[in-house]
file work17.tsv (TSV, C-alpha atoms)
chain	number	residue	atom	x	y	z
X	479	MET	CA	42.31	27.18	-29.65
X	480	ILE	CA	45.66	25.75	-28.49
X	481	GLY	CA	44.88	26.69	-24.90
X	482	ARG	CA	41.39	25.17	-24.98
X	483	LEU	CA	42.32	21.71	-26.34
X	484	ASP	CA	43.15	18.90	-23.95
X	485	GLU	CA	46.37	16.99	-24.51
X	486	PRO	CA	44.91	13.84	-26.23
X	487	THR	CA	42.87	15.94	-28.68
X	488	ARG	CA	45.78	18.22	-29.44
X	489	LYS	CA	48.08	15.24	-29.99
X	490	TYR	CA	45.56	13.60	-32.34
X	491	LEU	CA	45.08	16.77	-34.39
X	492	CYS	CA	48.82	17.46	-34.72
X	493	ARG	CA	49.82	13.88	-35.47
X	494	ASP	CA	46.97	12.40	-37.53
X	495	GLU	CA	44.79	15.11	-39.08
X	496	TRP	CA	45.31	17.12	-42.27
X	497	LEU	CA	46.47	20.62	-41.31
X	498	SER	CA	46.67	23.66	-43.54
X	499	ALA	CA	50.00	25.42	-43.97
X	500	SER	CA	48.89	28.43	-41.92
X	501	THR	CA	47.66	26.17	-39.10
X	502	VAL	CA	50.98	24.35	-38.93
X	503	THR	CA	52.82	27.66	-39.02
X	504	LEU	CA	50.91	28.98	-36.02
X	505	LEU	CA	51.30	25.68	-34.13
X	506	LEU	CA	55.06	25.74	-34.65
X	507	ARG	CA	55.24	29.42	-33.73
X	508	HIS	CA	53.05	29.35	-30.61
X	509	GLY	CA	53.07	25.67	-29.63
X	510	GLY	CA	55.70	23.65	-27.84
X	511	ALA	CA	58.24	20.93	-28.52
X	512	ALA	CA	55.57	18.22	-28.34
X	513	ASP	CA	53.53	19.92	-31.09
X	514	ARG	CA	56.62	20.10	-33.31
X	515	THR	CA	57.35	16.40	-32.70
X	516	PHE	CA	53.81	15.28	-33.48
X	517	ILE	CA	53.56	17.46	-36.59
X	518	ALA	CA	56.84	15.98	-37.84
X	519	ARG	CA	55.23	12.52	-37.60
X	520	ASN	CA	52.07	13.60	-39.40
X	521	PRO	CA	51.98	11.90	-42.84
X	522	ARG	CA	49.46	14.47	-44.10
X	523	VAL	CA	51.87	17.38	-43.66
X	524	VAL	CA	53.66	16.70	-46.93
X	525	GLY	CA	57.05	18.38	-46.84
X	526	ARG	CA	55.84	21.60	-45.27
X	527	PRO	CA	56.29	23.67	-43.35
X	528	LEU	CA	58.78	21.89	-41.10
X	529	PRO	CA	62.18	23.57	-40.89
X	530	GLY	CA	64.36	22.46	-43.78
X	531	LEU	CA	61.54	20.71	-45.66
X	532	PRO	CA	61.71	21.72	-48.42
X	533	GLY	CA	64.93	23.58	-47.99
X	534	PRO	CA	68.70	23.36	-48.39
X	535	ILE	CA	68.66	19.59	-47.79
X	536	ARG	CA	66.43	19.07	-50.80
X	537	TYR	CA	68.58	21.25	-53.03
X	538	ALA	CA	71.75	19.56	-51.75
X	539	ARG	CA	70.69	16.40	-53.58
X	540	ARG	CA	71.13	18.23	-56.87
X	541	ARG	CA	74.34	20.13	-56.32
X	542	THR	CA	75.50	22.77	-58.72
X	543	PRO	CA	78.32	21.77	-61.09
X	544	PRO	CA	81.83	21.61	-59.65
X	545	GLU	CA	82.78	24.49	-61.93
X	546	LEU	CA	81.02	26.90	-59.55
X	547	LEU	CA	83.93	27.18	-57.11
X	548	PRO	CA	86.42	28.38	-59.76
X	549	VAL	CA	83.84	30.91	-60.93
X	550	LEU	CA	83.38	32.24	-57.40
X	551	ARG	CA	87.16	32.30	-56.91
X	552	ALA	CA	87.56	34.37	-60.08
X	553	GLU	CA	84.79	36.79	-59.08
X	554	LEU	CA	86.17	37.30	-55.58
X	555	GLY	CA	89.82	37.37	-56.60
X	556	ARG	CA	90.66	34.92	-53.82
X	557	ASP	CA	89.75	31.48	-52.49
X	558	PRO	CA	86.38	31.62	-50.65
X	559	ALA	CA	87.70	29.03	-48.17
X	560	GLU	CA	90.53	31.26	-46.97
X	561	GLU	CA	88.37	33.55	-44.83
X	562	PRO	CA	84.67	34.28	-44.36
X	563	LEU	CA	82.89	36.33	-46.99
X	564	SER	CA	82.33	39.96	-46.14
X	565	ALA	CA	78.85	41.41	-46.36
X	566	ALA	CA	79.67	43.23	-49.60
X	567	GLU	CA	81.09	40.06	-51.18
X	568	LEU	CA	78.06	38.02	-50.12
X	569	VAL	CA	75.60	40.57	-51.53
X	570	GLY	CA	77.55	40.78	-54.78
X	571	LEU	CA	77.51	37.00	-55.26
X	572	LEU	CA	73.80	36.82	-54.44
X	573	ARG	CA	73.04	39.54	-56.99
X	574	ARG	CA	75.04	37.80	-59.72
X	575	HIS	CA	73.83	34.24	-59.09
X	576	GLY	CA	70.26	34.68	-57.83
X	577	ARG	CA	68.36	34.97	-61.09
X	578	ARG	CA	68.01	31.27	-61.87
X	579	GLY	CA	66.39	29.92	-58.72
X	580	PRO	CA	67.72	29.37	-55.19
X	581	ARG	CA	70.12	26.47	-55.85
X	582	VAL	CA	73.31	28.47	-56.54
X	583	PRO	CA	72.54	31.12	-53.87
X	584	LEU	CA	72.16	28.29	-51.36
X	585	ASP	CA	75.65	27.09	-52.34
X	586	VAL	CA	76.91	30.63	-51.81
X	587	LEU	CA	75.27	30.80	-48.39
X	588	ALA	CA	76.87	27.45	-47.52
X	589	LEU	CA	80.30	29.14	-47.71
X	590	ARG	CA	81.73	30.71	-44.60
X	591	HIS	CA	80.26	34.15	-44.10
X	592	ARG	CA	79.12	36.52	-41.39
X	593	PRO	CA	75.32	36.72	-41.72
X	594	ASP	CA	73.92	40.17	-41.01
X	595	PRO	CA	70.16	40.14	-41.71
X	596	GLU	CA	69.83	43.88	-41.17
X	597	LEU	CA	72.54	44.68	-43.71
X	598	LEU	CA	71.08	42.21	-46.22
X	599	LEU	CA	67.66	43.80	-45.77
X	600	ALA	CA	69.13	47.28	-46.22
X	601	GLU	CA	70.78	46.19	-49.47
X	602	HIS	CA	67.49	44.66	-50.61
X	603	LEU	CA	65.64	47.89	-49.87
X	604	ARG	CA	68.29	49.93	-51.68
X	605	GLU	CA	68.24	47.70	-54.77
X	606	PRO	CA	66.04	44.58	-54.77
X	607	LEU	CA	67.88	41.27	-54.71
X	608	PRO	CA	66.90	38.65	-57.31
X	609	THR	CA	64.04	36.40	-56.28
X	610	GLY	CA	66.29	33.33	-56.19
X	611	ALA	CA	68.56	35.06	-53.68
X	612	VAL	CA	65.60	36.15	-51.50
X	613	GLU	CA	64.22	32.61	-51.58
X	614	ALA	CA	67.63	31.20	-50.56
X	615	LEU	CA	67.88	33.69	-47.67
X	616	LEU	CA	64.47	32.61	-46.39
X	617	LEU	CA	65.48	28.96	-46.62
X	618	ALA	CA	69.01	29.06	-45.24
X	619	LEU	CA	68.93	31.81	-42.60
X	620	ASP	CA	66.80	31.82	-39.48
X	621	LEU	CA	65.49	35.31	-40.10
X	622	PRO	CA	63.35	37.13	-37.51
X	623	LEU	CA	59.67	37.40	-38.39
X	624	GLU	CA	59.89	41.17	-38.86
X	625	THR	CA	62.78	40.75	-41.29
X	626	VAL	CA	60.84	38.16	-43.31
X	627	HIS	CA	57.90	40.57	-43.52
X	628	ALA	CA	60.24	43.34	-44.66
X	629	PHE	CA	61.78	41.17	-47.39
X	630	LEU	CA	58.31	40.32	-48.70
X	631	ALA	CA	57.10	43.93	-48.41
X	632	ALA	CA	60.01	45.31	-50.43
X	633	PRO	CA	59.51	45.47	-54.21
X	634	ALA	CA	61.00	42.39	-55.85
X	635	ALA	CA	63.52	42.48	-58.64
X	636	PRO	CA	62.05	42.27	-62.18
X	637	ASP	CA	62.60	38.53	-62.70
X	638	GLY	CA	59.68	37.82	-64.99
X	639	ARG	CA	57.34	35.11	-63.79
X	640	SER	CA	59.45	34.05	-60.79
X	641	TRP	CA	58.55	37.07	-58.63
X	642	HIS	CA	56.08	35.01	-56.57
X	643	ARG	CA	58.53	32.32	-55.41
X	644	PRO	CA	59.67	33.98	-52.13
X	645	ALA	CA	56.06	34.47	-51.03
X	646	VAL	CA	55.07	30.89	-51.85
X	647	ARG	CA	58.21	29.55	-50.21
X	648	ALA	CA	57.70	31.64	-47.06
X	649	VAL	CA	54.24	30.13	-46.54
X	650	ARG	CA	55.31	26.59	-47.38
X	651	MET	CA	58.30	26.56	-45.05
X	652	GLY	CA	56.23	27.94	-42.17
X	653	ALA	CA	57.66	31.45	-41.93
X	654	VAL	CA	54.42	33.38	-42.51
X	655	THR	CA	50.70	32.76	-42.89
X	656	HIS	CA	48.54	33.76	-45.83
X	657	GLU	CA	47.03	36.59	-43.78
X	658	GLU	CA	50.51	37.96	-43.04
X	659	LEU	CA	51.32	37.82	-46.75
X	660	VAL	CA	48.24	39.90	-47.56
X	661	ALA	CA	49.13	42.41	-44.85
X	662	HIS	CA	52.76	42.92	-45.93
X	663	VAL	CA	53.27	42.10	-49.62
X	664	ALA	CA	53.59	45.16	-51.81
X	665	PRO	CA	52.66	46.46	-54.31
X	666	ALA	CA	48.95	45.65	-54.00
X	667	HIS	CA	48.52	44.16	-57.47
X	668	ARG	CA	51.00	41.38	-56.60
X	669	THR	CA	48.82	40.34	-53.68
X	670	LEU	CA	45.89	40.04	-56.08
X	671	LEU	CA	48.02	37.99	-58.46
X	672	LEU	CA	49.08	35.65	-55.64
X	673	ALA	CA	45.43	34.63	-55.28
X	674	ARG	CA	45.34	33.54	-58.94
X	675	LEU	CA	48.81	32.68	-60.19
X	676	PRO	CA	49.15	31.83	-63.89
X	677	ASP	CA	49.16	28.12	-64.68
X	678	THR	CA	52.80	27.63	-65.60
X	679	HIS	CA	55.55	25.28	-64.51
X	680	GLY	CA	57.64	25.84	-61.41
X	681	LEU	CA	56.91	26.54	-57.75
X	682	ARG	CA	53.19	27.17	-57.34
X	683	TRP	CA	50.51	26.94	-54.66
X	684	THR	CA	49.12	23.54	-53.91
X	685	LEU	CA	45.33	23.48	-54.00
X	686	PRO	CA	44.86	23.96	-50.20
X	687	GLU	CA	47.48	26.71	-50.20
X	688	ARG	CA	45.74	28.39	-53.12
X	689	ALA	CA	42.43	28.16	-51.26
X	690	GLY	CA	44.05	29.68	-48.17
X	691	MET	CA	45.55	32.53	-50.19
X	692	GLN	CA	42.24	33.19	-51.93
X	693	THR	CA	40.45	33.23	-48.57
X	694	ALA	CA	42.95	35.69	-47.08
X	695	VAL	CA	42.67	38.04	-50.08
X	696	LEU	CA	38.86	37.86	-50.04
X	697	ARG	CA	38.89	38.82	-46.37
X	698	ALA	CA	40.95	41.89	-47.21
X	699	LEU	CA	38.55	42.75	-50.05
X	700	ARG	CA	35.41	42.26	-47.97
X	701	PRO	CA	34.91	46.04	-47.35
X	702	LEU	CA	34.28	46.43	-51.09
X	703	GLY	CA	31.13	44.32	-50.75
X	704	ASP	CA	29.36	43.70	-54.05
X	705	ASP	CA	29.59	47.31	-55.28
X	706	PRO	CA	30.66	47.05	-58.95
X	707	ARG	CA	31.95	50.63	-58.87
X	708	LEU	CA	34.44	49.85	-56.09
X	709	TRP	CA	35.62	46.70	-57.87
X	710	ALA	CA	36.14	48.69	-61.06
X	711	GLU	CA	38.12	51.26	-59.08
X	712	LEU	CA	40.19	48.42	-57.58
X	713	LEU	CA	41.16	47.22	-61.04
X	714	ARG	CA	41.93	50.78	-62.18
X	715	HIS	CA	44.11	51.78	-59.21
X	716	ALA	CA	45.83	48.47	-58.41
X	717	PRO	CA	48.53	48.65	-61.14
X	718	GLY	CA	49.94	51.94	-59.85
X	719	TYR	CA	49.40	51.62	-56.10
X	720	ARG	CA	52.69	50.94	-54.28
X	721	GLY	CA	51.33	50.01	-50.85
X	722	PRO	CA	49.81	46.73	-49.57
X	723	LEU	CA	46.33	45.58	-50.51
X	724	PRO	CA	44.54	46.39	-47.20
X	725	ALA	CA	45.70	50.01	-47.47
X	726	LEU	CA	44.37	50.23	-51.03
X	727	VAL	CA	41.00	48.78	-50.01
X	728	ALA	CA	40.72	51.24	-47.13
X	729	ALA	CA	41.55	54.14	-49.45
X	730	LEU	CA	38.98	52.96	-51.99
X	731	THR	CA	36.19	52.72	-49.43
X	732	ASP	CA	37.10	56.16	-48.03
X	733	GLY	CA	37.47	57.70	-51.48
X	734	THR	CA	40.99	58.91	-50.72
X	735	VAL	CA	43.07	56.78	-53.08
X	736	PRO	CA	45.54	58.99	-55.00
X	737	GLU	CA	45.95	58.88	-58.75
X	738	ALA	CA	49.25	57.22	-59.67
X	739	ALA	CA	51.25	58.90	-62.43
X	740	ASP	CA	52.56	55.59	-63.82
X	741	ALA	CA	49.44	53.46	-63.31
X	742	GLY	CA	48.98	52.22	-66.85
X	743	ALA	CA	46.44	49.65	-67.95
X	744	PRO	CA	46.03	46.43	-65.91
X	745	GLY	CA	47.62	43.38	-67.50
X	746	PRO	CA	45.64	40.29	-68.50
X	747	ASP	CA	46.78	38.32	-65.43
X	748	LEU	CA	45.57	41.07	-63.09
X	749	VAL	CA	42.25	41.35	-64.92
X	750	ARG	CA	41.79	37.60	-64.62
X	751	ALA	CA	42.66	37.66	-60.89
X	752	VAL	CA	40.19	40.46	-60.09
X	753	ARG	CA	37.42	38.80	-62.10
X	754	HIS	CA	38.09	35.57	-60.24
X	755	LEU	CA	37.80	37.32	-56.86
X	756	ALA	CA	34.86	39.61	-57.68
X	757	PRO	CA	31.40	38.47	-56.49
X	758	LYS	CA	29.39	36.64	-59.12
X	759	ALA	CA	25.62	36.54	-59.47
X	760	VAL	CA	25.41	33.85	-62.16
X	761	GLU	CA	23.15	31.00	-61.10
X	762	PRO	CA	23.73	27.48	-62.39
X	763	TYR	CA	21.26	26.25	-64.95
X	764	GLY	CA	19.14	23.18	-64.46
X	765	GLY	CA	15.59	24.05	-63.41
X	766	VAL	CA	13.89	20.98	-61.92
X	767	GLU	CA	17.09	18.93	-62.19
X	768	ARG	CA	18.92	21.50	-60.10
X	769	GLU	CA	16.21	21.42	-57.43
X	770	LEU	CA	16.47	17.63	-57.30
X	771	ALA	CA	20.26	17.86	-57.06
X	772	LEU	CA	19.99	20.31	-54.14
X	773	ALA	CA	17.48	18.05	-52.40
X	774	SER	CA	19.75	15.04	-52.90
X	775	LEU	CA	22.48	16.69	-50.79
X	776	ALA	CA	20.27	16.13	-47.74
X	777	VAL	CA	19.47	12.49	-48.59
X	778	PRO	CA	22.25	9.91	-48.09
X	779	MET	CA	22.78	7.45	-50.91
X	780	ASP	CA	23.09	3.68	-50.46
X	781	SER	CA	26.87	4.02	-50.17
X	782	VAL	CA	29.49	6.72	-49.83
X	783	ALA	CA	30.90	5.85	-53.27
X	784	GLU	CA	27.48	6.34	-54.86
X	785	ASP	CA	27.04	9.67	-53.05
X	786	ILE	CA	30.44	10.87	-54.31
X	787	ARG	CA	29.68	9.74	-57.86
X	788	TRP	CA	26.37	11.62	-57.84
X	789	VAL	CA	27.80	14.88	-56.46
X	790	ARG	CA	30.71	14.82	-58.92
X	791	ASP	CA	28.32	14.22	-61.81
X	792	CYS	CA	26.09	17.13	-60.73
X	793	ILE	CA	29.12	19.42	-60.47
X	794	ASP	CA	30.33	18.39	-63.93
X	795	ARG	CA	26.88	19.08	-65.41
X	796	GLY	CA	26.68	22.50	-63.76
X	797	LEU	CA	23.75	21.59	-61.51
X	798	LEU	CA	25.73	22.08	-58.29
X	799	THR	CA	28.60	24.30	-57.22
X	800	GLY	CA	30.92	24.28	-54.25
X	801	GLN	CA	28.73	26.96	-52.63
X	802	ASP	CA	25.68	24.68	-52.91
X	803	VAL	CA	27.49	21.84	-51.18
X	804	ILE	CA	28.49	24.06	-48.25
X	805	ARG	CA	24.97	25.42	-47.84
X	806	HIS	CA	22.86	22.28	-48.40
X	807	LYS	CA	24.87	19.14	-47.71
X	808	LEU	CA	24.52	17.50	-44.34
X	809	PRO	CA	26.02	16.79	-41.95
X	810	ALA	CA	27.99	20.03	-41.84
X	811	CYS	CA	31.31	18.32	-41.08
X	812	TRP	CA	31.01	16.36	-44.34
X	813	ALA	CA	30.25	19.52	-46.32
X	814	LEU	CA	33.44	21.14	-44.98
X	815	ASP	CA	35.56	18.11	-45.93
X	816	GLN	CA	35.98	17.86	-49.71
X	817	ASP	CA	36.96	14.18	-49.46
X	818	HIS	CA	33.39	13.39	-48.39
X	819	TRP	CA	31.84	14.76	-51.58
X	820	LEU	CA	34.67	14.63	-54.13
X	821	GLY	CA	36.22	11.37	-52.98
X	822	ASP	CA	39.50	10.56	-51.30
X	823	VAL	CA	42.59	11.35	-53.34
X	824	ASP	CA	46.08	9.85	-53.33
X	825	HIS	CA	47.63	13.10	-52.15
X	826	PRO	CA	46.26	15.64	-49.65
X	827	ASP	CA	47.29	18.61	-51.80
X	828	ARG	CA	45.28	17.66	-54.88
X	829	HIS	CA	41.70	17.40	-56.14
X	830	ASP	CA	40.47	16.95	-59.68
X	831	ARG	CA	37.69	19.54	-59.21
X	832	PRO	CA	39.71	22.59	-58.10
X	833	ALA	CA	37.00	25.13	-58.97
X	834	ALA	CA	34.50	23.42	-56.66
X	835	VAL	CA	37.05	23.22	-53.84
X	836	LEU	CA	37.95	26.91	-54.12
X	837	ALA	CA	34.30	27.92	-54.25
X	838	SER	CA	33.47	25.84	-51.18
X	839	HIS	CA	36.33	27.36	-49.19
X	840	ALA	CA	35.24	30.90	-50.11
X	841	GLU	CA	31.59	30.22	-49.23
X	842	ALA	CA	32.42	28.58	-45.91
X	843	ASP	CA	34.69	31.44	-44.90
X	844	GLN	CA	32.02	34.00	-45.78
X	845	LEU	CA	29.32	32.18	-43.79
X	846	LEU	CA	31.58	31.75	-40.76
X	847	ALA	CA	32.70	35.38	-40.86
X	848	LEU	CA	29.14	36.72	-41.13
X	849	ALA	CA	27.85	34.54	-38.31
X	850	LEU	CA	30.75	34.42	-35.86
X	851	ASP	CA	32.86	37.49	-36.69
X	852	GLU	CA	35.68	37.50	-34.09
X	853	ASP	CA	33.78	36.07	-31.12
X	854	PRO	CA	36.06	33.35	-29.67
X	855	GLU	CA	33.25	31.77	-27.63
X	856	ALA	CA	31.08	31.38	-30.74
X	857	TRP	CA	33.97	29.84	-32.70
X	858	TRP	CA	34.69	27.43	-29.85
X	859	SER	CA	31.01	26.44	-29.64
X	860	VAL	CA	30.98	25.67	-33.38
X	861	ALA	CA	34.23	23.69	-33.15
X	862	ARG	CA	32.91	21.53	-30.30
X	863	THR	CA	29.50	20.95	-31.87
X	864	LEU	CA	30.51	20.39	-35.50
X	865	PRO	CA	31.64	16.71	-35.31
X	866	GLU	CA	28.26	15.44	-34.05
X	867	PHE	CA	25.90	17.99	-35.60
X	868	ALA	CA	23.43	16.38	-38.00
X	869	GLY	CA	22.26	19.49	-39.88
X	870	THR	CA	23.77	21.81	-42.45
X	871	LEU	CA	26.40	24.45	-41.76
X	872	PRO	CA	23.95	27.41	-41.97
X	873	HIS	CA	21.68	25.54	-39.55
X	874	LEU	CA	24.54	25.09	-37.10
X	875	LEU	CA	25.59	28.75	-37.34
X	876	LEU	CA	21.99	29.88	-36.82
X	877	ARG	CA	21.69	27.75	-33.68
X	878	VAL	CA	24.95	29.09	-32.27
X	879	THR	CA	24.20	32.76	-32.99
X	880	GLU	CA	20.65	32.51	-31.62
X	881	GLY	CA	21.86	30.76	-28.48
X	882	GLY	CA	19.49	27.80	-28.76
X	883	SER	CA	20.16	24.07	-28.70
X	884	VAL	CA	22.95	22.96	-31.02
X	885	SER	CA	22.48	19.23	-30.71
X	886	GLY	CA	21.05	18.88	-34.21
X	887	ARG	CA	20.05	15.31	-33.47
X	888	SER	CA	16.95	13.95	-35.13
call {"tool": "encode", "arguments": {"input": "work17.tsv", "output": "structure tokens"}}
result
Amino acid sequence: MIGRLDEPTRKYLCRDEWLSASTVTLLLRHGGAADRTFIARNPRVVGRPLPGLPGPIRYARRRTPPELLPVLRAELGRDPAEEPLSAAELVGLLRRHGRRGPRVPLDVLALRHRPDPELLLAEHLREPLPTGAVEALLLALDLPLETVHAFLAAPAAPDGRSWHRPAVRAVRMGAVTHEELVAHVAPAHRTLLLARLPDTHGLRWTLPERAGMQTAVLRALRPLGDDPRLWAELLRHAPGYRGPLPALVAALTDGTVPEAADAGAPGPDLVRAVRHLAPKAVEPYGGVERELALASLAVPMDSVAEDIRWVRDCIDRGLLTGQDVIRHKLPACWALDQDHWLGDVDHPDRHDRPAAVLASHAEADQLLALALDEDPEAWWSVARTLPEFAGTLPHLLLRVTEGGSVSGRS
């Protein structure tokens, strides 16, 4: 896509449009200096994933107490300012001070030391570092992509509910994409939990990030189809499987997944995550009212505000879902933009109907994958036609796959 866009279009997209975290990550990784400059000026890229935002600069505003330096001096048996920290001293400090978030580990990494990513990774593989220390390493050190993947693939230290922070931080700061998380995070049940994190305080996915993570996990689970037996096997084997999720799915479909000795019963959070991801056949109620609501998606109201009010009311009453909007609302570009049917919000990472947003993302990804697969010409044809197409998204995909006219003009 980067190679196909002309310079004005590329500049407009990078500087003025809302971009998902994974999109910005790939632009920064494969684009040039101009892309980085324009993305930095984009007001819709809120604090991510530009280097350092959020990062050590943010945590420097809330420095740790001045008593930290005497503590470090006592632990080391010398003044940290006298000479750089050795690798063993650095690892020891990170292990002792990394269990309460990344703020103190970032102060430790701000001391003079000789960074050796390979040695730090080896220590992490030997005995997992606390999640706060791993998060600080991702923030403060310019780690190679393979090393970042290895840190996320290694089993995390048992830090309670903070185990997810390095994965969330890696996506938000632009180190990895959601798809790379799914491919490398282990064990498999943690990948499933990342798609449906518990609603508690602390670092969590924003709504678009959560939608991106859910989409990436659903893509990995697509070989299971709608076979309830395979989904039941997924829930049974996930707690004890030590590898990444794609490997577990492949073993389930081949019937070669081994029985884990320490599997145990799935916890309530894992059960909730799998139920959230599993295909559902429950139709909304409504009868005639539902049919009228579906028909109204193709008829513009007197004003945009009235259209938004009507769609929100139908969603609240259970007459419409996010899947219905993707399939029946026209034009297709409005159906794909939640602001056109849920209303504009004061922040690009929020919506007050998260279930509808997540459902619409999942439905759109499934339709696009079924119709276009991995054909770059088909994707490019849809991207060029979408802004001016007057029909629904299924109509557009049907036109593209059949090779007919895609004007869609009445």
call {"tool": "residues_around", "arguments": {"input": "work17.tsv", "residues": "X:Ala694", "least_positions_apart": "2", "cutoff": "7 Å", "atoms": "only C-alpha atoms", "output": "PyMOL selection string"}}
result
chain X and resi 656-657+660+690-692+696-698
call {"tool": "write_last_selection", "arguments": {"input": "work17.tsv", "atoms": "C-alpha atoms", "output": "PDB file, keeping the file's coordinate frame"}}
result
ATOM      1  CA  HIS X 656      48.540  33.760 -45.830  1.00  0.00           C
ATOM      2  CA  GLU X 657      47.030  36.590 -43.780  1.00  0.00           C
ATOM      3  CA  VAL X 660      48.240  39.900 -47.560  1.00  0.00           C
ATOM      4  CA  GLY X 690      44.050  29.680 -48.170  1.00  0.00           C
ATOM      5  CA  MET X 691      45.550  32.530 -50.190  1.00  0.00           C
ATOM      6  CA  GLN X 692      42.240  33.190 -51.930  1.00  0.00           C
ATOM      7  CA  LEU X 696      38.860  37.860 -50.040  1.00  0.00           C
ATOM      8  CA  ARG X 697      38.890  38.820 -46.370  1.00  0.00           C
ATOM      9  CA  ALA X 698      40.950  41.890 -47.210  1.00  0.00           C
TER      10      ALA X 698
END
call {"tool": "residues_near_point", "arguments": {"input": "work17.tsv", "point": "(22.5, 20.5, -60.8)", "cutoff": "12 Å", "atoms": "all atoms listed in the file", "output": "short mmCIF file (atom, residue, chain, number, x, y, z; two decimals) with C-alpha atoms, keeping the file's coordinate frame"}}
result
data_model
loop_
_atom_site.label_atom_id
_atom_site.label_comp_id
_atom_site.auth_asym_id
_atom_site.auth_seq_id
_atom_site.Cartn_x
_atom_site.Cartn_y
_atom_site.Cartn_z
CA GLU X 761 23.15 31.00 -61.10
CA PRO X 762 23.73 27.48 -62.39
CA TYR X 763 21.26 26.25 -64.95
CA GLY X 764 19.14 23.18 -64.46
CA GLY X 765 15.59 24.05 -63.41
CA VAL X 766 13.89 20.98 -61.92
CA GLU X 767 17.09 18.93 -62.19
CA ARG X 768 18.92 21.50 -60.10
CA GLU X 769 16.21 21.42 -57.43
CA LEU X 770 16.47 17.63 -57.30
CA ALA X 771 20.26 17.86 -57.06
CA LEU X 772 19.99 20.31 -54.14
CA ALA X 773 17.48 18.05 -52.40
CA SER X 774 19.75 15.04 -52.90
CA LEU X 775 22.48 16.69 -50.79
CA TRP X 788 26.37 11.62 -57.84
CA VAL X 789 27.80 14.88 -56.46
CA ARG X 790 30.71 14.82 -58.92
CA ASP X 791 28.32 14.22 -61.81
CA CYS X 792 26.09 17.13 -60.73
CA ILE X 793 29.12 19.42 -60.47
CA ASP X 794 30.33 18.39 -63.93
CA ARG X 795 26.88 19.08 -65.41
CA GLY X 796 26.68 22.50 -63.76
CA LEU X 797 23.75 21.59 -61.51
CA LEU X 798 25.73 22.08 -58.29
CA THR X 799 28.60 24.30 -57.22
CA GLY X 800 30.92 24.28 -54.25
CA ASP X 802 25.68 24.68 -52.91
CA VAL X 803 27.49 21.84 -51.18
#
call {"tool": "atom_distance", "arguments": {"input": "work17.tsv", "atom1": "atom CA of X:Pro595", "atom2": "atom CA of X:Glu613"}}
result
13.8 Å
call {"tool": "closest_residue", "arguments": {"input": "work17.tsv", "among": "X:Leu699, X:Tyr719, X:Pro665, X:Ser640", "to": "X:Arg682", "atoms": "all atoms listed in the file"}}
result
X:Ser640
call {"tool": "closest_atom_pairs", "arguments": {"input": "work17.tsv", "of": "stretch 600-693 of chain X", "to": "stretch 493-502 of chain X", "cutoff": "7 Å", "atoms": "all atoms listed in the file", "output": "CSV"}}
result
residue,atom,partner,partner_atom,distance
X:Val649,CA,X:Ala499,CA,6.8
X:Arg650,CA,X:Ala499,CA,6.4
X:Gly652,CA,X:Ala499,CA,7.0
X:Thr655,CA,X:Ser500,CA,4.8
X:His656,CA,X:Ser500,CA,6.6
X:Pro686,CA,X:Ser498,CA,6.9
X:Glu687,CA,X:Ala499,CA,6.8
call {"tool": "residues_around", "arguments": {"input": "work17.tsv", "residues": "X:Val835", "least_positions_apart": "5", "cutoff": "9 Å", "atoms": "all atoms listed in the file", "output": "VMD selection string"}}
result
chain X and resid 685 to 686 689 800 816 820 829 840
call {"tool": "residues_near_point", "arguments": {"input": "work17.tsv", "point": "(64.2, 47.0, -47.7)", "cutoff": "8 Å", "atoms": "only C-alpha atoms", "output": "VMD selection string"}}
result
chain X and resid 599 to 604 606 628 to 629 631 to 632
call {"tool": "atom_distance", "arguments": {"input": "work17.tsv", "atom1": "atom CA of X:Leu713", "atom2": "atom CA of X:Arg688"}}
result
20.9 Å
call {"tool": "atom_distance", "arguments": {"input": "work17.tsv", "atom1": "atom CA of X:Pro778", "atom2": "atom CA of X:Gly869"}}
result
12.6 Å
call {"tool": "residues_around", "arguments": {"input": "work17.tsv", "residues": "X:Val749", "least_positions_apart": "4", "cutoff": "12 Å", "atoms": "all atoms listed in the file", "output": "VMD selection string"}}
result
chain X and resid 667 670 to 671 674 to 676 709 to 710 712 to 714 716 to 717 743 to 745 753 to 756
call {"tool": "closest_residue", "arguments": {"input": "work17.tsv", "among": "X:Arg578, X:Trp819, X:Val586, X:His591", "to": "X:Glu560", "atoms": "all atoms listed in the file"}}
result
X:His591
call {"tool": "closest_residue", "arguments": {"input": "work17.tsv", "among": "X:Leu598, X:Val860, X:Ala614, X:Val646", "to": "X:Leu681", "atoms": "only C-alpha atoms"}}
result
X:Val646
call {"tool": "residues_around", "arguments": {"input": "work17.tsv", "residues": "X:Pro722", "least_positions_apart": "4", "cutoff": "7 Å", "atoms": "all atoms listed in the file", "output": "MDAnalysis selection string"}}
result
chainID X and resid 661:666 726
call {"tool": "closest_residue", "arguments": {"input": "work17.tsv", "among": "X:Arg507, X:Arg643, X:Arg574, X:Arg551", "to": "X:Leu589", "atoms": "only C-alpha atoms"}}
result
X:Arg551
call {"tool": "closest_residue", "arguments": {"input": "work17.tsv", "among": "X:Ala837, X:Leu845, X:Leu563, X:Leu723", "to": "X:His873", "atoms": "all atoms listed in the file"}}
result
X:Leu845
